[in-house]
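So this block is final19.txt, compact mmCIF, C-alpha atoms:
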# COMPACT_ATOMS: atom_id res chain seq x y z
CA MET M 1033 30.16 -120.49 38.90
CA THR M 1034 28.74 -117.23 37.57
CA GLU M 1035 25.87 -115.38 39.21
CA PRO M 1036 22.69 -114.87 37.13
CA THR M 1037 22.35 -111.32 35.73
CA ALA M 1038 19.32 -109.21 36.64
CA PRO M 1039 16.71 -108.82 33.83
CA ALA M 1040 16.79 -105.49 31.95
CA ALA M 1041 14.26 -102.93 33.08
CA PRO M 1042 11.35 -102.46 30.62
CA PRO M 1043 11.41 -99.18 28.65
CA PRO M 1044 9.27 -96.45 30.20
CA ARG M 1045 5.79 -96.22 28.75
CA ARG M 1046 5.10 -93.17 26.68
CA ARG M 1047 2.29 -91.20 28.24
CA PHE M 1048 -0.58 -90.48 25.87
CA VAL M 1049 -0.99 -86.76 25.31
CA PRO M 1050 -4.39 -85.54 24.09
CA LEU M 1051 -4.31 -83.77 20.72
CA LEU M 1052 -5.39 -80.43 22.16
CA GLU M 1053 -2.56 -80.47 24.73
CA ARG M 1054 0.22 -80.94 22.16
CA ARG M 1055 2.33 -78.22 20.57
CA TYR M 1056 2.45 -78.08 16.78
CA THR M 1057 4.64 -76.44 14.15
CA LEU M 1058 3.89 -75.68 10.52
CA GLU M 1059 6.57 -76.85 8.09
CA LEU M 1060 7.05 -76.52 4.35
CA ARG M 1061 7.13 -79.81 2.45
CA GLN M 1062 10.08 -80.24 0.11
CA GLN M 1063 8.34 -82.64 -2.24
CA LEU M 1064 5.25 -84.83 -1.93
CA SER M 1065 4.74 -87.82 -4.22
CA TRP M 1066 1.90 -87.71 -6.76
CA PRO M 1067 -0.09 -90.55 -5.13
CA LYS M 1068 -0.09 -88.69 -1.81
CA GLN M 1069 -1.08 -85.43 -3.53
CA ALA M 1070 -3.94 -87.25 -5.26
CA ALA M 1071 -5.00 -88.83 -1.96
CA ILE M 1072 -5.10 -85.43 -0.21
CA LEU M 1073 -7.07 -83.91 -3.11
CA ALA M 1074 -9.53 -86.83 -3.16
CA LEU M 1075 -9.99 -86.52 0.60
CA ALA M 1076 -10.72 -82.79 0.26
CA VAL M 1077 -13.26 -83.38 -2.52
CA ALA M 1078 -14.91 -86.15 -0.48
CA LEU M 1079 -15.10 -83.82 2.53
CA GLY M 1080 -16.62 -81.08 0.36
CA LEU M 1081 -19.21 -83.48 -1.08
CA PHE M 1082 -20.06 -84.68 2.43
CA ILE M 1083 -20.63 -81.11 3.65
CA CYS M 1084 -22.73 -80.28 0.56
CA GLY M 1085 -24.76 -83.44 1.04
CA ALA M 1086 -25.35 -82.58 4.69
CA ILE M 1087 -26.56 -79.07 3.72
CA LEU M 1088 -28.98 -80.46 1.13
CA VAL M 1089 -30.28 -83.08 3.56
CA ALA M 1090 -30.81 -80.33 6.14
CA ALA M 1091 -32.73 -78.41 3.45
CA GLY M 1092 -35.18 -81.27 3.13
CA VAL M 1093 -33.74 -83.49 0.39
CA SER M 1094 -33.39 -87.11 1.45
CA PRO M 1095 -30.10 -88.98 0.80
CA GLU M 1096 -31.93 -91.39 -1.53
CA ASP M 1097 -33.22 -88.48 -3.62
CA LEU M 1098 -29.71 -86.95 -3.74
CA LEU M 1099 -28.24 -90.20 -5.02
CA ASN M 1100 -31.06 -90.56 -7.50
CA GLU M 1101 -30.77 -86.99 -8.87
CA PHE M 1102 -26.97 -86.72 -9.03
CA VAL M 1103 -25.99 -90.23 -10.09
CA VAL M 1104 -28.83 -92.51 -11.22
CA GLN M 1105 -30.96 -90.06 -13.21
CA THR M 1106 -28.01 -88.11 -14.59
CA PHE M 1107 -25.89 -90.95 -15.94
CA THR M 1108 -28.48 -93.63 -16.75
CA ASP M 1109 -31.20 -91.54 -18.39
CA PRO M 1110 -30.17 -90.70 -22.01
CA GLN M 1111 -32.09 -87.41 -22.00
CA ASN M 1112 -30.39 -86.19 -18.83
CA LEU M 1113 -27.00 -87.35 -20.11
CA ARG M 1114 -27.53 -85.34 -23.30
CA ALA M 1115 -28.47 -82.31 -21.20
CA VAL M 1116 -25.29 -82.68 -19.11
CA LEU M 1117 -23.01 -82.91 -22.15
CA PHE M 1118 -24.91 -80.04 -23.82
CA GLN M 1119 -24.23 -77.90 -20.77
CA ALA M 1120 -20.65 -79.17 -20.42
CA ALA M 1121 -19.41 -78.13 -23.89
CA PRO M 1122 -19.17 -74.33 -23.28
CA MET M 1123 -17.97 -75.01 -19.72
CA VAL M 1124 -15.05 -77.02 -21.12
CA MET M 1125 -14.18 -74.04 -23.29
CA VAL M 1126 -14.30 -71.44 -20.50
CA GLY M 1127 -12.37 -73.83 -18.24
CA LEU M 1128 -9.66 -74.19 -20.87
CA ALA M 1129 -9.69 -70.42 -21.44
CA ALA M 1130 -9.10 -69.76 -17.74
CA ALA M 1131 -6.43 -72.47 -17.52
CA MET M 1132 -4.43 -71.07 -20.46
CA ALA M 1133 -4.31 -67.60 -18.94
CA PHE M 1134 -3.60 -68.82 -15.41
CA ARG M 1135 -0.67 -70.89 -16.65
CA ALA M 1136 0.93 -67.63 -17.75
CA ARG M 1137 0.12 -66.05 -14.37
CA PHE M 1138 -2.41 -63.75 -16.02
CA TRP M 1139 -5.61 -63.66 -13.97
CA ASN M 1140 -8.16 -63.27 -16.71
CA LEU M 1141 -11.49 -62.49 -15.03
CA GLY M 1142 -12.97 -61.14 -18.26
CA LEU M 1143 -14.15 -64.50 -19.58
CA GLU M 1144 -17.78 -63.40 -19.68
CA GLY M 1145 -16.96 -60.25 -21.65
CA GLN M 1146 -14.96 -62.29 -24.15
CA MET M 1147 -17.90 -64.73 -24.41
CA VAL M 1148 -20.23 -61.81 -25.12
CA TRP M 1149 -18.00 -60.53 -27.89
CA GLY M 1150 -17.65 -64.03 -29.33
CA ALA M 1151 -21.42 -64.34 -29.56
CA ILE M 1152 -21.70 -60.82 -31.02
CA GLY M 1153 -19.17 -61.72 -33.73
CA ALA M 1154 -21.04 -64.92 -34.62
CA THR M 1155 -24.38 -63.08 -34.70
CA PHE M 1156 -22.92 -60.35 -36.94
CA VAL M 1157 -22.01 -63.01 -39.50
CA SER M 1158 -25.54 -64.45 -39.29
CA ILE M 1159 -27.43 -61.15 -39.49
CA HIS M 1160 -25.37 -59.81 -42.39
CA GLU M 1161 -25.30 -63.23 -44.13
CA VAL M 1162 -21.54 -63.19 -44.59
CA GLY M 1163 -20.32 -65.99 -46.88
CA PRO M 1164 -22.18 -68.88 -48.50
CA PRO M 1165 -24.54 -71.01 -46.37
CA ALA M 1166 -22.21 -74.02 -46.57
CA LEU M 1167 -19.45 -72.03 -44.83
CA ARG M 1168 -21.63 -69.84 -42.62
CA LEU M 1169 -21.20 -71.87 -39.43
CA TRP M 1170 -17.41 -71.97 -39.82
CA LEU M 1171 -17.34 -68.23 -40.47
CA MET M 1172 -19.41 -67.63 -37.33
CA ALA M 1173 -16.97 -69.72 -35.29
CA ALA M 1174 -13.99 -67.83 -36.77
CA ALA M 1175 -15.61 -64.47 -36.05
CA ALA M 1176 -16.34 -65.51 -32.46
CA LEU M 1177 -12.77 -66.65 -31.99
CA LEU M 1178 -11.34 -63.38 -33.33
CA CYS M 1179 -13.72 -61.17 -31.36
CA GLY M 1180 -12.94 -62.97 -28.08
CA LEU M 1181 -9.24 -62.66 -28.85
CA ALA M 1182 -9.55 -58.94 -29.61
CA TRP M 1183 -11.41 -58.23 -26.35
CA VAL M 1184 -8.57 -59.61 -24.23
CA VAL M 1185 -5.90 -57.56 -26.00
CA LEU M 1186 -6.69 -54.44 -23.98
CA PRO M 1187 -6.10 -55.87 -20.46
CA ALA M 1188 -3.02 -57.71 -21.77
CA LEU M 1189 -1.52 -54.48 -23.14
CA PHE M 1190 -2.57 -52.55 -20.05
CA LYS M 1191 -0.59 -54.96 -17.87
CA MET M 1192 2.45 -55.36 -20.11
CA ARG M 1193 2.82 -51.69 -21.06
CA LEU M 1194 1.39 -49.79 -18.12
CA GLY M 1195 1.52 -52.30 -15.28
CA ILE M 1196 -2.26 -52.08 -14.67
CA ASN M 1197 -3.64 -55.02 -12.70
CA GLU M 1198 -5.40 -57.36 -15.13
CA ILE M 1199 -7.91 -58.47 -12.49
CA ILE M 1200 -9.44 -55.01 -12.39
CA SER M 1201 -9.20 -54.18 -16.10
CA SER M 1202 -10.53 -57.51 -17.40
CA LEU M 1203 -13.33 -57.52 -14.81
CA MET M 1204 -14.42 -53.98 -15.68
CA LEU M 1205 -14.45 -54.79 -19.39
CA ASN M 1206 -17.15 -57.39 -18.65
CA TYR M 1207 -19.55 -54.55 -17.87
CA VAL M 1208 -18.60 -52.70 -21.04
CA ALA M 1209 -19.30 -55.81 -23.12
CA ALA M 1210 -22.60 -56.50 -21.31
CA ASN M 1211 -23.88 -52.96 -21.85
CA PHE M 1212 -22.87 -52.98 -25.50
CA LEU M 1213 -24.80 -56.27 -25.85
CA LEU M 1214 -27.90 -54.60 -24.36
CA HIS M 1215 -27.40 -51.63 -26.70
CA LEU M 1216 -27.56 -54.01 -29.67
CA LEU M 1217 -30.48 -56.10 -28.42
CA TYR M 1218 -32.61 -53.09 -27.49
CA GLY M 1219 -31.57 -51.31 -30.67
CA SER M 1220 -30.63 -52.34 -34.16
CA TRP M 1221 -30.44 -56.11 -33.52
CA LYS M 1222 -33.84 -56.45 -31.83
CA ASP M 1223 -35.95 -59.18 -33.42
CA PRO M 1224 -38.45 -57.32 -35.66
CA LYS M 1225 -41.01 -60.14 -35.42
CA ASP M 1226 -41.96 -59.68 -31.77
CA SER M 1227 -39.75 -56.76 -30.60
CA PHE M 1228 -38.36 -58.71 -27.65
CA PRO M 1229 -34.74 -57.93 -26.69
CA TYR M 1230 -33.02 -60.73 -28.54
CA SER M 1231 -31.69 -61.08 -32.06
CA PRO M 1232 -33.54 -62.87 -34.90
CA LYS M 1233 -33.21 -66.65 -34.81
CA PHE M 1234 -30.28 -68.20 -36.59
CA GLN M 1235 -31.13 -70.23 -39.66
CA ALA M 1236 -30.91 -74.03 -39.48
CA PHE M 1237 -27.51 -74.18 -41.18
CA GLU M 1238 -26.22 -71.59 -38.69
CA ARG M 1239 -26.92 -73.88 -35.71
CA LEU M 1240 -24.51 -76.49 -34.32
CA PRO M 1241 -25.97 -79.79 -35.56
CA ASP M 1242 -26.68 -82.90 -33.52
CA ILE M 1243 -24.69 -86.08 -34.02
CA ALA M 1244 -25.64 -89.70 -33.40
CA GLY M 1245 -27.96 -90.30 -30.46
CA GLY M 1246 -29.11 -86.68 -30.37
CA PHE M 1247 -25.90 -85.44 -28.74
CA SER M 1248 -24.81 -81.95 -29.76
CA SER M 1249 -21.72 -81.64 -31.93
CA ALA M 1250 -20.56 -78.92 -29.50
CA ILE M 1251 -19.23 -81.62 -27.15
CA VAL M 1252 -17.15 -83.08 -30.00
CA LEU M 1253 -15.72 -79.64 -30.77
CA ALA M 1254 -14.95 -79.13 -27.07
CA ALA M 1255 -13.21 -82.53 -26.88
CA VAL M 1256 -11.05 -81.74 -29.95
CA VAL M 1257 -10.04 -78.38 -28.49
CA ALA M 1258 -9.24 -79.99 -25.12
CA VAL M 1259 -6.92 -82.56 -26.75
CA ALA M 1260 -5.23 -79.79 -28.75
CA ALA M 1261 -4.77 -77.75 -25.57
CA TRP M 1262 -3.32 -80.79 -23.79
CA TRP M 1263 -0.82 -81.30 -26.65
CA PHE M 1264 0.12 -77.62 -26.51
CA VAL M 1265 0.67 -77.66 -22.74
CA ASP M 1266 2.29 -81.08 -22.32
CA LYS M 1267 4.08 -81.83 -25.60
CA SER M 1268 5.04 -78.61 -27.35
CA ARG M 1269 8.13 -76.52 -26.65
CA ALA M 1270 5.95 -73.49 -25.90
CA GLY M 1271 4.13 -75.54 -23.27
CA LEU M 1272 7.45 -76.48 -21.67
CA TYR M 1273 8.50 -72.82 -21.57
CA LEU M 1274 5.09 -71.94 -20.16
CA ARG M 1275 5.72 -74.26 -17.22
CA PHE M 1276 8.91 -72.30 -16.50
CA VAL M 1277 6.95 -69.06 -16.62
CA HIS M 1278 4.29 -70.44 -14.31
CA ALA M 1279 6.91 -71.63 -11.81
CA SER M 1280 8.85 -68.36 -11.73
CA THR M 1281 8.62 -65.54 -14.23
CA ARG M 1282 11.87 -63.93 -13.10
CA VAL M 1283 13.89 -67.14 -13.33
CA ALA M 1284 12.38 -67.97 -16.73
CA ASP M 1285 13.31 -64.52 -17.99
CA ALA M 1286 16.83 -64.87 -16.58
CA VAL M 1287 17.49 -68.15 -18.42
CA GLY M 1288 16.35 -66.74 -21.77
CA VAL M 1289 12.72 -67.89 -22.02
CA PRO M 1290 10.68 -65.40 -24.15
CA VAL M 1291 8.38 -64.56 -21.27
CA ARG M 1292 6.49 -61.62 -22.83
CA ARG M 1293 5.69 -63.46 -26.04
CA LEU M 1294 4.54 -66.53 -24.13
CA VAL M 1295 2.34 -64.53 -21.78
CA LEU M 1296 0.79 -62.57 -24.64
CA GLY M 1297 0.22 -65.73 -26.70
CA SER M 1298 -1.42 -67.56 -23.78
CA VAL M 1299 -3.67 -64.62 -22.99
CA LEU M 1300 -4.77 -64.28 -26.62
CA LEU M 1301 -5.47 -68.01 -26.74
CA SER M 1302 -7.52 -67.64 -23.56
CA GLY M 1303 -9.66 -64.88 -25.08
CA ALA M 1304 -10.14 -66.86 -28.30
CA LEU M 1305 -11.37 -69.93 -26.40
CA ALA M 1306 -13.78 -67.81 -24.36
CA GLY M 1307 -15.10 -66.27 -27.59
CA LEU M 1308 -15.60 -69.76 -28.97
CA ALA M 1309 -17.60 -70.62 -25.84
CA GLY M 1310 -19.89 -67.67 -26.62
CA PHE M 1311 -20.38 -69.06 -30.13
CA MET M 1312 -21.28 -72.49 -28.67
CA VAL M 1313 -23.96 -71.03 -26.43
CA ALA M 1314 -25.41 -68.77 -29.14
CA ALA M 1315 -25.32 -71.30 -32.01
CA GLY M 1316 -25.89 -74.40 -29.90
CA GLN M 1317 -28.09 -73.73 -26.89
CA GLU M 1318 -29.91 -70.46 -27.59
CA GLY M 1319 -30.07 -70.36 -31.39
CA ARG M 1320 -29.84 -66.55 -31.22
CA LEU M 1321 -28.17 -63.76 -29.26
CA THR M 1322 -29.86 -63.20 -25.90
CA GLN M 1323 -29.16 -60.73 -23.13
CA ALA M 1324 -28.10 -63.03 -20.26
CA PHE M 1325 -26.66 -66.15 -21.92
CA TYR M 1326 -23.22 -65.61 -20.36
CA ASN M 1327 -24.25 -65.32 -16.71
CA GLY M 1328 -22.31 -67.64 -14.43
CA TYR M 1329 -19.85 -68.91 -17.02
CA GLY M 1330 -17.03 -66.68 -15.83
CA PHE M 1331 -17.13 -68.01 -12.29
CA SER M 1332 -17.57 -71.57 -13.58
CA GLY M 1333 -14.50 -71.23 -15.81
CA ILE M 1334 -12.35 -70.05 -12.91
CA LEU M 1335 -13.73 -72.83 -10.73
CA ILE M 1336 -13.01 -75.49 -13.36
CA ALA M 1337 -9.45 -74.28 -13.98
CA PHE M 1338 -8.80 -74.12 -10.25
CA LEU M 1339 -10.14 -77.60 -9.53
CA ALA M 1340 -8.26 -79.04 -12.52
CA ARG M 1341 -5.04 -77.25 -11.56
CA ASN M 1342 -4.88 -75.79 -15.08
CA ASN M 1343 -4.60 -79.22 -16.70
CA PRO M 1344 -6.63 -79.27 -19.98
CA LEU M 1345 -7.75 -82.91 -19.77
CA ALA M 1346 -8.62 -82.62 -16.09
CA ALA M 1347 -10.51 -79.40 -16.90
CA SER M 1348 -12.71 -81.36 -19.32
CA VAL M 1349 -13.58 -83.92 -16.65
CA VAL M 1350 -14.26 -81.24 -14.05
CA ALA M 1351 -16.43 -79.33 -16.54
CA VAL M 1352 -18.63 -82.41 -16.96
CA LEU M 1353 -18.93 -82.72 -13.18
CA VAL M 1354 -19.83 -79.03 -12.83
CA ALA M 1355 -22.38 -79.41 -15.63
CA THR M 1356 -23.84 -82.38 -13.74
CA LEU M 1357 -24.11 -80.16 -10.70
CA PHE M 1358 -25.94 -77.50 -12.72
CA VAL M 1359 -28.38 -79.93 -14.36
CA ALA M 1360 -29.09 -81.78 -11.12
CA GLY M 1361 -29.34 -78.44 -9.33
CA ARG M 1362 -32.05 -77.31 -11.72
CA SER M 1363 -33.97 -80.52 -10.95
CA LEU M 1364 -33.61 -79.82 -7.24
CA GLN M 1365 -34.89 -76.29 -7.82
CA VAL M 1366 -37.97 -77.55 -9.64
CA PHE M 1367 -38.85 -80.60 -7.53
CA TYR M 1368 -37.53 -79.64 -4.08
CA GLN M 1369 -37.67 -75.79 -4.18
CA ILE M 1370 -33.92 -75.52 -3.56
CA PRO M 1371 -32.81 -71.94 -4.35
CA PHE M 1372 -30.13 -71.38 -6.99
CA SER M 1373 -28.01 -69.63 -4.37
CA MET M 1374 -27.64 -73.01 -2.65
CA VAL M 1375 -26.18 -74.47 -5.84
CA GLN M 1376 -23.67 -71.61 -5.84
CA LEU M 1377 -22.98 -72.30 -2.17
CA ILE M 1378 -22.12 -75.91 -3.04
CA GLN M 1379 -19.64 -74.69 -5.65
CA ALA M 1380 -18.05 -72.33 -3.14
CA ILE M 1381 -17.69 -75.12 -0.55
CA LEU M 1382 -15.94 -77.33 -3.09
CA VAL M 1383 -13.55 -74.50 -3.98
CA VAL M 1384 -12.68 -73.91 -0.31
CA CYS M 1385 -12.05 -77.63 0.24
CA VAL M 1386 -9.79 -77.92 -2.81
CA ALA M 1387 -7.92 -74.76 -1.80
CA SER M 1388 -7.37 -76.30 1.61
CA SER M 1389 -5.96 -79.43 -0.01
CA ASP M 1390 -3.40 -77.28 -1.81
CA PHE M 1391 -2.30 -75.88 1.55
CA PHE M 1392 -1.79 -79.37 3.02
CA ILE M 1393 0.05 -80.52 -0.11
CA ARG M 1394 2.59 -77.72 0.39
CA HIS M 1395 2.72 -77.76 4.18
CA ARG M 1396 2.57 -80.23 7.02
CA ILE M 1397 1.65 -79.90 10.66
CA ARG M 1398 3.98 -81.76 13.07
CA ALA M 1399 3.60 -82.34 16.80
CA VAL M 1400 6.77 -81.21 18.65
CA GLY M 1401 5.89 -81.73 22.29
CA GLN M 1402 3.45 -80.89 25.03
CA LYS M 1403 2.06 -77.51 25.97
CA GLY M 1404 3.93 -76.01 28.90
CA ALA M 1405 6.80 -78.52 28.65
With the file now loaded, output its structure as C-alpha cells.
Amino acid sequence: MTEPTAPAAPPPRRRFVPLLERRYTLELRQQLSWPKQAAILALAVALGLFICGAILVAAGVSPEDLLNEFVVQTFTDPQNLRAVLFQAAPMVMVGLAAAMAFRARFWNLGLEGQMVWGAIGATFVSIHEVGPPALRLWLMAAAALLCGLAWVVLPALFKMRLGINEIISSLMLNYVAANFLLHLLYGSWKDPKDSFPYSPKFQAFERLPDIAGGFSSAIVLAAVVAVAAWWFVDKSRAGLYLRFVHASTRVADAVGVPVRRLVLGSVLLSGALAGLAGFMVAAGQEGRLTQAFYNGYGFSGILIAFLARNNPLAASVVAVLVATLFVAGRSLQVFYQIPFSMVQLIQAILVVCVASSDFFIRHRIRAVGQKGA
C-alpha cells in the first residue's frame, strides 16, 4: 500500500510593484508591423487633438461649439466645404514640395520664397500679356513652375558644390524673394488705378475657373499632381532609388545609385511645385499679386510633409485636414475671439505629438526590475 503524496506547494505570488518604483531601459526596435505603427500614430494624433480641445475649452469655447465648427459646419455646409478645398489646394502643393525635397534628405525651408517667385512669374505673363488669351493661363502656370524651380537651384548648388547648409541658404533666400516682391509692388507693378501696393487684377481668362458646384479647379489640379507624385515615388525606378537615398545616402552611393542626380532632380521638383502653389494662390484666391499671400505656407508645407511622412497621397489628406483647421480657426477668431497664435499653437502641439509617435515607433521602454534591487 503506497502512502499519499503531499500536494505541490502553490507558486509564490508576484508582488505588485508600482510603476514609479520600477527600473526601465530604452531599447531600439528591430521592426514594428505596419498596423502597430498606425496604432501608435493614431494614438498620438488623438492625444494631440485631446490636448488642443482642452486648450480651446479652457479658452472659453464649449465642446459642442468645437464639434459644430470643426466637423458639422465644415463638412456638411457646402459653402464651408468649398472654402476648405479652396484653401487646401495650395497646401497640397507646398506639402508635396516639402515631401519631395525631404525624401532626398534636402531640408528645403525656402518654400515661401519659391512661392513668391512662382507668383511673380505668373504675374509677369499677365502684365506683359505674353501669348494669346486662350493659352495665357497655361503660360502663367508654366512661368510659375520655372521660376520656383530656378529659385531653388542656388541652395541646391551651394550644398552640392560648396557644402553650405541648405537650411540656412534656402531660409535666407525667402527674405530676398519677399523684399524683391515689395520692390515690385511699391514700384513698377503697383496698380495704377488706386496706387495700393498690389498688382493690377488679372483678367477673367487669367483666373483659375470654377468647376461644377462652385468648387475651384485648383483642387483638381492639386489632385492630379498628387497622383503623379505618388506614381513617381511608389512606382517609378527613380522613386525606388530615392528610397535608397532617403534610407542611407552613403550606402546608396556605394551600390551605384546616382545620388547627386536624384537629389538635384528631387530638389528642382520641389521648387517647381512650390512655384505652382504660388500660381494657385495668385490666380485662384487673390486674383492678383499681393504682398503677404505666402505667409504661413512654408510652415504648413513642412508640417504636412512631416505628418504625412513624405507620402504624396497622405500629404493630400493631411493638407485637407490642415485647411479645415485654418478655416475653422478663422471662424473661432471671428465668433469666439480666439487669437491666431492659438491656431498656430494647435499646429505645434500636433507636430510634437506626431514626433513623439516616431520615437515610440523606433524605440520601446521595458521594465527590467525594481529600483534598489
Kindly provide the residues of segment 1274-1319 of chain M that approach segment 1128-1135 of chain M to within 9 Å, each paired with its closest atom pair and their distance in Å to one decimal, based on all atoms listed in the file, listed by chain and increasing number, as CSV.
residue,atom,partner,partner_atom,distance
M:Leu1274,CA,M:Arg1135,CA,6.8
M:Arg1275,CA,M:Arg1135,CA,7.2
M:Val1277,CA,M:Arg1135,CA,7.8
M:His1278,CA,M:Arg1135,CA,5.5
M:Val1295,CA,M:Ala1133,CA,7.9
M:Ser1298,CA,M:Ala1133,CA,5.6
M:Val1299,CA,M:Ala1133,CA,5.1
M:Leu1300,CA,M:Ala1133,CA,8.4
M:Leu1301,CA,M:Met1132,CA,7.1
M:Ser1302,CA,M:Ala1129,CA,4.1
M:Gly1303,CA,M:Ala1129,CA,6.6
M:Ala1304,CA,M:Ala1129,CA,7.7
M:Leu1305,CA,M:Ala1129,CA,5.3
M:Ala1306,CA,M:Ala1129,CA,5.7
Coordinates-based distance that separates atom CA of Val1208 of chain M from atom CA of Ala1188 of chain M (Å, one decimal): 16.4 Å
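Of the residues under consideration (M:Val1384, M:Ile1378, M:Ile1196, M:Val1366), M:Val1384 shows the shortest atom-to-atom contact distance to Leu1073 of chain M when counting all atoms listed in the file.
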Leu1143 of chain M environment, 9 Å, all atoms listed in the file, sequence neighbours closer than 5 positions dropped, as a ChimeraX atom specification: /M:1126,1129-1130,1148,1180,1184,1202-1203,1206,1302-1303,1306-1307,1329-1331,1333-1334
Polymer residues at most 8 Å from (8.8, -81.3, 13.8) by all atoms listed in the file, as a ChimeraX atom specification: /M:1056-1057,1059,1397-1400
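With only C-alpha atoms taken into account, the protein and nucleic acid residues at most 10 Å from Gly1319 of chain M (excluding it and anything under 3 positions from it in its own chain) are Thr1155, Ser1231, Pro1232, Lys1233, Phe1234, Gln1235, Ala1236, Glu1238, Arg1239, Leu1240, Phe1311, Met1312, Val1313, Ala1314, Ala1315, Gly1316 and Thr1322 of chain M.
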Distance in Å - atom CA of Val1386 of chain M versus atom CA of Ala1076 of chain M: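 Computed distance, atom CA of Val1386 of chain M to atom CA of Ala1076 of chain M, equals 5.8 Å.
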